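Dumped work.cif below, it's mmCIF, C-alpha atoms:
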```cif
data_target
#
loop_
_atom_site.group_PDB
_atom_site.id
_atom_site.type_symbol
_atom_site.label_atom_id
_atom_site.label_comp_id
_atom_site.auth_asym_id
_atom_site.auth_seq_id
_atom_site.Cartn_x
_atom_site.Cartn_y
_atom_site.Cartn_z
ATOM 1 C CA MET I 1 -14.145 13.769 18.974
ATOM 2 C CA SER I 2 -17.818 13.646 18.073
ATOM 3 C CA ALA I 3 -20.461 11.756 20.008
ATOM 4 C CA LYS I 4 -21.220 8.227 18.929
ATOM 5 C CA LYS I 5 -24.541 7.685 17.215
ATOM 6 C CA ILE I 6 -26.519 4.473 16.907
ATOM 7 C CA VAL I 7 -27.136 3.676 13.245
ATOM 8 C CA PRO I 8 -29.365 0.734 12.308
ATOM 9 C CA VAL I 9 -28.165 -1.142 9.230
ATOM 10 C CA GLU I 10 -29.194 -4.347 7.534
ATOM 11 C CA ILE I 11 -26.545 -6.874 6.589
ATOM 12 C CA GLN I 12 -27.583 -10.019 4.799
ATOM 13 C CA GLY I 13 -31.174 -9.657 5.989
ATOM 14 C CA ARG I 14 -30.342 -9.008 9.651
ATOM 15 C CA GLU I 15 -30.521 -5.673 11.426
ATOM 16 C CA TYR I 16 -27.551 -4.436 13.422
ATOM 17 C CA LYS I 17 -27.312 -1.297 15.520
ATOM 18 C CA ILE I 18 -23.859 0.166 14.965
ATOM 19 C CA ARG I 19 -22.296 2.773 17.247
ATOM 20 C CA ALA I 20 -20.234 5.162 15.166
ATOM 21 C CA GLU I 21 -18.617 8.561 15.415
ATOM 22 C CA THR I 22 -18.888 9.101 11.675
ATOM 23 C CA SER I 23 -21.995 10.173 9.807
ATOM 24 C CA PRO I 24 -24.952 7.777 9.570
ATOM 25 C CA ASP I 25 -24.688 7.966 5.769
ATOM 26 C CA SER I 26 -21.109 6.746 5.979
ATOM 27 C CA VAL I 27 -22.139 3.804 8.164
ATOM 28 C CA ARG I 28 -24.942 2.914 5.742
ATOM 29 C CA ALA I 29 -22.498 3.143 2.812
ATOM 30 C CA ALA I 30 -20.119 0.804 4.653
ATOM 31 C CA ALA I 31 -22.971 -1.657 5.230
ATOM 32 C CA ARG I 32 -23.867 -1.527 1.514
ATOM 33 C CA LEU I 33 -20.233 -2.189 0.589
ATOM 34 C CA LEU I 34 -20.104 -5.104 3.004
ATOM 35 C CA ASN I 35 -23.376 -6.552 1.648
ATOM 36 C CA GLU I 36 -22.129 -6.246 -1.935
ATOM 37 C CA THR I 37 -18.803 -7.851 -1.040
ATOM 38 C CA ILE I 38 -20.465 -10.698 0.857
ATOM 39 C CA ASP I 39 -22.792 -11.343 -2.095
ATOM 40 C CA ARG I 40 -19.837 -11.454 -4.540
ATOM 41 C CA VAL I 41 -17.803 -13.720 -2.246
ATOM 42 C CA ARG I 42 -20.727 -16.069 -1.643
ATOM 43 C CA GLU I 43 -21.390 -16.303 -5.400
ATOM 44 C CA ARG I 44 -17.744 -16.923 -6.314
ATOM 45 C CA ALA I 45 -16.867 -19.236 -3.432
ATOM 46 C CA GLY I 46 -20.110 -21.167 -3.454
ATOM 47 C CA THR I 47 -20.059 -21.342 0.346
ATOM 48 C CA VAL I 48 -23.013 -20.588 2.585
ATOM 49 C CA ASP I 49 -21.266 -20.644 5.964
ATOM 50 C CA SER I 50 -21.826 -17.144 7.385
ATOM 51 C CA VAL I 51 -18.515 -16.949 9.232
ATOM 52 C CA ASP I 52 -16.481 -18.139 6.248
ATOM 53 C CA VAL I 53 -18.217 -15.662 3.964
ATOM 54 C CA ALA I 54 -17.747 -12.787 6.446
ATOM 55 C CA VAL I 55 -14.037 -13.554 6.825
ATOM 56 C CA LEU I 56 -13.535 -13.816 3.062
ATOM 57 C CA ALA I 57 -15.448 -10.549 2.546
ATOM 58 C CA ALA I 58 -13.287 -8.810 5.172
ATOM 59 C CA LEU I 59 -10.159 -10.156 3.513
ATOM 60 C CA ASN I 60 -11.398 -8.927 0.126
ATOM 61 C CA ILE I 61 -11.982 -5.419 1.496
ATOM 62 C CA ALA I 62 -8.668 -5.393 3.378
ATOM 63 C CA ASN I 63 -6.852 -6.549 0.239
ATOM 64 C CA SER I 64 -8.302 -3.583 -1.663
ATOM 65 C CA LEU I 65 -7.074 -1.239 1.056
ATOM 66 C CA VAL I 66 -3.572 -2.758 1.054
ATOM 67 C CA ALA I 67 -3.371 -2.551 -2.745
ATOM 68 C CA GLU I 68 -4.368 1.119 -2.622
ATOM 69 C CA ARG I 69 -1.733 1.834 0.036
ATOM 70 C CA GLU I 70 0.959 0.008 -1.938
ATOM 71 C CA ALA I 71 0.038 1.984 -5.050
ATOM 72 C CA GLY I 72 0.635 5.159 -3.073
ATOM 73 C CA GLY I 73 -2.975 6.194 -3.192
ATOM 74 C CA ALA I 74 -4.403 8.588 -0.666
ATOM 75 C CA VAL I 75 -6.412 6.335 1.612
ATOM 76 C CA ASP I 76 -6.897 8.585 4.627
ATOM 77 C CA TRP I 77 -10.599 8.785 3.808
ATOM 78 C CA LEU I 78 -10.796 4.982 3.959
ATOM 79 C CA ALA I 79 -9.750 4.652 7.609
ATOM 80 C CA PRO I 80 -13.198 5.499 9.021
ATOM 81 C CA ARG I 81 -14.872 3.185 6.482
ATOM 82 C CA VAL I 82 -12.521 0.321 7.392
ATOM 83 C CA GLU I 83 -13.280 0.879 11.078
ATOM 84 C CA GLU I 84 -17.012 0.821 10.350
ATOM 85 C CA LEU I 85 -16.700 -2.337 8.254
ATOM 86 C CA THR I 86 -14.654 -3.937 11.017
ATOM 87 C CA ALA I 87 -17.404 -3.101 13.516
ATOM 88 C CA LEU I 88 -20.042 -4.522 11.166
ATOM 89 C CA ILE I 89 -18.082 -7.728 10.661
ATOM 90 C CA GLU I 90 -17.428 -8.099 14.393
ATOM 91 C CA SER I 91 -21.157 -7.620 15.050
ATOM 92 C CA ALA I 92 -21.991 -10.259 12.461
ATOM 93 C CA LEU I 93 -19.459 -12.704 13.889
ATOM 94 C CA ALA I 94 -20.622 -12.115 17.458
ATOM 95 C CA ASP I 95 -24.214 -12.910 16.517
ATOM 96 C CA PRO I 96 -24.000 -15.068 13.374
ATOM 97 C CA ALA I 97 -27.048 -15.639 11.261
ATOM 98 C CA PRO I 98 -28.054 -19.258 10.789
ATOM 99 C CA THR I 99 -26.477 -20.786 7.690
ATOM 100 C CA HIS I 100 -28.733 -21.861 4.864
#
```

Would you kindly transcribe this structure into structure tokens?
Amino acid sequence: MSAKKIVPVEIQGREYKIRAETSPDSVRAAARLLNETIDRVRERAGTVDSVDVAVLAALNIANSLVAEREAGGAVDWLAPRVEELTALIESALADPAPTH
């Protein structure tokens, strides 16, 4: 098991310091994926509530993972990314940004 590193990332204009055992680049990639997913969800759903958008984004990402598993795809490489996204979402929910 490798030592956890603190990786600063920005999600929806707010900085979060994420503790992760994976590479900092992987954490930053997860944050980019989360930002992109949140932006798509917010645009499609038309909602601005941060918690609602975060939950819908998490569901969107989880749905992609489930679909890949059901299709028999090799998703072992996704497990660390899902864990990182989960940590990012939990951080966002624990300290929600004000809604606009």

Using all atoms listed in the file, which residues sit within 12 Å of Leu88 in chain I once same-chain residues fewer than 5 positions away are excluded, as JSON, numbers by chain? {"I": [7, 8, 9, 10, 11, 12, 14, 15, 16, 17, 18, 19, 20, 27, 28, 29, 30, 31, 32, 33, 34, 35, 54, 55, 57, 58, 81, 82, 83, 93, 94, 95, 96]}

Residue selection dump (C-alpha atoms) as a PDB file, keeping the file's coordinate frame:
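Here's the written file out_1.pdb:
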```pdb
ATOM      1  CA  VAL I   7     -27.136   3.676  13.245  1.00  0.00           C
ATOM      2  CA  PRO I   8     -29.365   0.734  12.308  1.00  0.00           C
ATOM      3  CA  VAL I   9     -28.165  -1.142   9.230  1.00  0.00           C
ATOM      4  CA  GLU I  10     -29.194  -4.347   7.534  1.00  0.00           C
ATOM      5  CA  ILE I  11     -26.545  -6.874   6.589  1.00  0.00           C
ATOM      6  CA  GLN I  12     -27.583 -10.019   4.799  1.00  0.00           C
ATOM      7  CA  ARG I  14     -30.342  -9.008   9.651  1.00  0.00           C
ATOM      8  CA  GLU I  15     -30.521  -5.673  11.426  1.00  0.00           C
ATOM      9  CA  TYR I  16     -27.551  -4.436  13.422  1.00  0.00           C
ATOM     10  CA  LYS I  17     -27.312  -1.297  15.520  1.00  0.00           C
ATOM     11  CA  ILE I  18     -23.859   0.166  14.965  1.00  0.00           C
ATOM     12  CA  ARG I  19     -22.296   2.773  17.247  1.00  0.00           C
ATOM     13  CA  ALA I  20     -20.234   5.162  15.166  1.00  0.00           C
ATOM     14  CA  VAL I  27     -22.139   3.804   8.164  1.00  0.00           C
ATOM     15  CA  ARG I  28     -24.942   2.914   5.742  1.00  0.00           C
ATOM     16  CA  ALA I  29     -22.498   3.143   2.812  1.00  0.00           C
ATOM     17  CA  ALA I  30     -20.119   0.804   4.653  1.00  0.00           C
ATOM     18  CA  ALA I  31     -22.971  -1.657   5.230  1.00  0.00           C
ATOM     19  CA  ARG I  32     -23.867  -1.527   1.514  1.00  0.00           C
ATOM     20  CA  LEU I  33     -20.233  -2.189   0.589  1.00  0.00           C
ATOM     21  CA  LEU I  34     -20.104  -5.104   3.004  1.00  0.00           C
ATOM     22  CA  ASN I  35     -23.376  -6.552   1.648  1.00  0.00           C
ATOM     23  CA  ALA I  54     -17.747 -12.787   6.446  1.00  0.00           C
ATOM     24  CA  VAL I  55     -14.037 -13.554   6.825  1.00  0.00           C
ATOM     25  CA  ALA I  57     -15.448 -10.549   2.546  1.00  0.00           C
ATOM     26  CA  ALA I  58     -13.287  -8.810   5.172  1.00  0.00           C
ATOM     27  CA  ARG I  81     -14.872   3.185   6.482  1.00  0.00           C
ATOM     28  CA  VAL I  82     -12.521   0.321   7.392  1.00  0.00           C
ATOM     29  CA  GLU I  83     -13.280   0.879  11.078  1.00  0.00           C
ATOM     30  CA  LEU I  93     -19.459 -12.704  13.889  1.00  0.00           C
ATOM     31  CA  ALA I  94     -20.622 -12.115  17.458  1.00  0.00           C
ATOM     32  CA  ASP I  95     -24.214 -12.910  16.517  1.00  0.00           C
ATOM     33  CA  PRO I  96     -24.000 -15.068  13.374  1.00  0.00           C
TER      34      PRO I  96
END
```

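Proximity of I:Val51, I:Ile61, I:Leu56, I:Ile38 to Glu84 in chain I, computed with only C-alpha atoms, is greatest for I:Ile61.
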
Padding 4 Å on every side, please: axis-aligned box over the listed atoms of range 39-51 of chain I, centre and edge lengths to one decimal in Å, as AutoDock Vina command-line options.
```
--center_x -19.9 --center_y -16.3 --center_z 1.5 --size_x 14.1 --size_y 18.0 --size_z 23.5
```

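Minimum distance to Thr86 in chain I across I:Leu59, I:Ala71, I:Lys5, I:Val66 (counting all atoms listed in the file) occurs at I:Leu59.
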
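Interatomic distance, CA of Asn60 in chain I against CA of Arg40 in chain I: 10.0 Å.
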
Quick one: distance from CA of Ala3 in chain I to CA of Glu21 in chain I in Å, one decimal? 5.9 Å

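CA of Val53 in chain I to CA of Asp39 in chain I spans 8.7 Å [interatomic distance, one decimal].
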